[in-house]
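Participant: So here's final-v2.pdb (PDB, C-alpha atoms).
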```pdb
ATOM      1  CA  MET A  23     218.651 349.061 202.817
ATOM      2  CA  THR A  24     217.442 346.420 200.419
ATOM      3  CA  ALA A  25     219.224 343.212 199.494
ATOM      4  CA  VAL A  26     220.028 344.796 196.120
ATOM      5  CA  ASP A  27     221.575 347.792 197.918
ATOM      6  CA  LEU A  28     223.693 345.482 200.063
ATOM      7  CA  ALA A  29     224.785 343.524 196.990
ATOM      8  CA  ARG A  30     225.918 346.723 195.273
ATOM      9  CA  ARG A  31     227.772 347.921 198.356
ATOM     10  CA  VAL A  32     229.753 344.695 198.777
ATOM     11  CA  ASN A  33     230.194 344.047 195.048
ATOM     12  CA  VAL A  34     228.246 340.798 194.802
ATOM     13  CA  THR A  35     225.145 339.787 192.906
ATOM     14  CA  PRO A  36     221.692 340.087 194.472
ATOM     15  CA  PRO A  37     221.339 336.274 194.335
ATOM     16  CA  ALA A  38     224.447 336.008 196.557
ATOM     17  CA  VAL A  39     222.749 338.160 199.198
ATOM     18  CA  SER A  40     219.617 336.060 198.791
ATOM     19  CA  HIS A  41     221.670 332.954 199.616
ATOM     20  CA  TRP A  42     222.908 334.666 202.793
ATOM     21  CA  GLU A  43     219.362 335.651 203.750
ATOM     22  CA  HIS A  44     218.015 332.166 203.132
ATOM     23  CA  ARG A  45     220.848 330.495 205.010
ATOM     24  CA  THR A  46     222.026 328.456 202.062
ATOM     25  CA  LYS A  47     225.488 330.079 201.947
ATOM     26  CA  ILE A  48     227.600 332.494 203.956
ATOM     27  CA  PRO A  49     229.891 335.221 202.618
ATOM     28  CA  LYS A  50     233.497 334.312 201.952
ATOM     29  CA  SER A  51     235.778 335.386 204.768
ATOM     30  CA  SER A  52     237.396 337.884 202.400
ATOM     31  CA  ARG A  53     233.968 339.534 201.906
ATOM     32  CA  LEU A  54     232.961 339.750 205.587
ATOM     33  CA  GLN A  55     234.591 343.131 206.241
ATOM     34  CA  ALA A  56     232.724 344.663 203.291
ATOM     35  CA  VAL A  57     229.441 343.248 204.608
ATOM     36  CA  ALA A  58     230.154 344.623 208.092
ATOM     37  CA  ASP A  59     231.056 348.029 206.622
ATOM     38  CA  ALA A  60     227.916 348.124 204.470
ATOM     39  CA  LEU A  61     225.731 347.240 207.448
ATOM     40  CA  GLY A  62     227.574 349.694 209.710
ATOM     41  CA  VAL A  63     228.501 347.045 212.266
ATOM     42  CA  SER A  64     231.695 345.515 213.598
ATOM     43  CA  LEU A  65     232.938 342.137 212.523
ATOM     44  CA  ASP A  66     232.307 341.010 216.100
ATOM     45  CA  LEU A  67     228.633 341.878 215.807
ATOM     46  CA  LEU A  68     228.417 340.326 212.361
ATOM     47  CA  LYS A  69     229.873 337.152 213.823
ATOM     48  CA  GLY A  70     227.303 337.178 216.627
ATOM     49  CA  GLY A  71     229.122 339.239 219.245
ATOM     50  CA  VAL A  72     227.572 341.869 221.473
ATOM     51  CA  THR A  73     229.467 344.954 220.308
ATOM     52  CA  SER A  74     227.083 347.265 218.491
ATOM     53  CA  GLU A  75     229.467 350.046 217.519
ATOM     54  CA  LYS A  76     231.886 349.606 214.682
ATOM     55  CA  PRO A  77     235.487 349.974 215.860
ATOM     56  CA  GLU A  78     237.754 352.377 213.987
ATOM     57  CA  ARG A  79     240.087 349.544 213.040
ATOM     58  CA  ALA A  80     238.162 346.353 212.478
ATOM     59  CA  ARG A  81     240.027 343.108 212.996
ATOM     60  CA  GLN A  82     240.174 340.422 210.352
ATOM     61  CA  PRO A  83     238.032 337.445 211.301
ATOM     62  CA  SER A  84     239.921 334.567 212.847
ATOM     63  CA  SER A  85     237.334 332.185 211.443
ATOM     64  CA  GLU A  86     234.147 332.408 209.446
ATOM     65  CA  PRO A  87     230.973 333.133 211.407
ATOM     66  CA  SER A  88     228.346 330.482 211.698
ATOM     67  CA  LEU A  89     225.303 330.807 209.541
ATOM     68  CA  GLU A  90     223.201 331.525 212.637
ATOM     69  CA  GLN A  91     225.513 334.384 213.639
ATOM     70  CA  LEU A  92     225.335 335.919 210.180
ATOM     71  CA  ILE A  93     221.546 335.699 210.140
ATOM     72  CA  ARG A  94     221.283 337.343 213.579
ATOM     73  CA  ALA A  95     223.468 340.206 212.371
ATOM     74  CA  ILE A  96     221.418 340.640 209.192
ATOM     75  CA  GLU A  97     218.163 340.590 211.190
ATOM     76  CA  ALA A  98     219.615 343.095 213.674
ATOM     77  CA  LYS A  99     219.909 345.552 210.790
ATOM     78  CA  GLY A 100     216.221 345.205 209.928
ATOM     79  CA  PHE A 101     216.355 342.605 207.185
ATOM     80  CA  SER A 102     213.847 339.794 207.173
ATOM     81  CA  VAL A 103     215.357 336.336 206.863
ATOM     82  CA  GLU A 104     213.322 333.431 205.531
ATOM     83  CA  VAL A 105     214.571 329.889 205.990
ATOM     84  CA  ARG A 106     213.941 327.427 203.206
ATOM     85  CA  SER A 107     215.131 323.887 202.832
ATOM     86  CA  ARG A 108     216.933 322.973 199.646
ATOM     87  CA  GLU A 109     216.380 319.295 200.293
ATOM     88  CA  LYS A 110     214.147 317.529 197.831
ATOM     89  CA  ARG A 111     211.090 315.915 199.327
ATOM     90  CA  PRO A 112     210.069 312.405 198.226
TER      91      PRO A 112
END
```
Output the file's structure as structure tokens, nothing else.

Facilitator:
Amino acid sequence: MTAVDLARRVNVTPPAVSHWEHRTKIPKSSRLQAVADALGVSLDLLKGGVTSEKPERARQPSSEPSLEQLIRAIEAKGFSVEVRSREKRP
């Protein structure tokens, strides 16, 4: 699945997925279930848990996952994540 495919599946723009991949933003909590569904993982795994199978009834997240947890979940599905700094250099 490409980033464009993921964007289409969760109804966001490809640049939004790019932000997730580059660790500059994370999905809104209301979008997390759609991301988990599109990736075929549970919210627990998306949030950095160890469960690899998607439960039949996924729970709503109690809090947003950390950026590191989201990146691990994206990488676990075969995506490559590149980290770039948005800070301006002198």

Participant: Can you turn the PyMOL selection byres ((chain A and resi 94) around 12) into a concrete residue list for this file, as number ranges by chain?

Facilitator: A: 42-43, 45, 66-72, 87-93, 95-104

Participant: Nearest to A:Ala25: which of A:Ala56, A:Val39, A:Ile48, A:Leu61 is it, counting all atoms listed in the file?

Facilitator: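 Using all atoms listed in the file, the shortest distance to A:Ala25 belongs to A:Val39.
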
Participant: If we count all atoms listed in the file and set the cut-off at 12 Å, which residues sit around A:Ala38, ignoring sequence neighbours fewer than 2 positions away in its own chain? Please answer as a PyMOL selection string.

Facilitator: chain A and resi 25-26+28-30+32-36+40-50+53+57
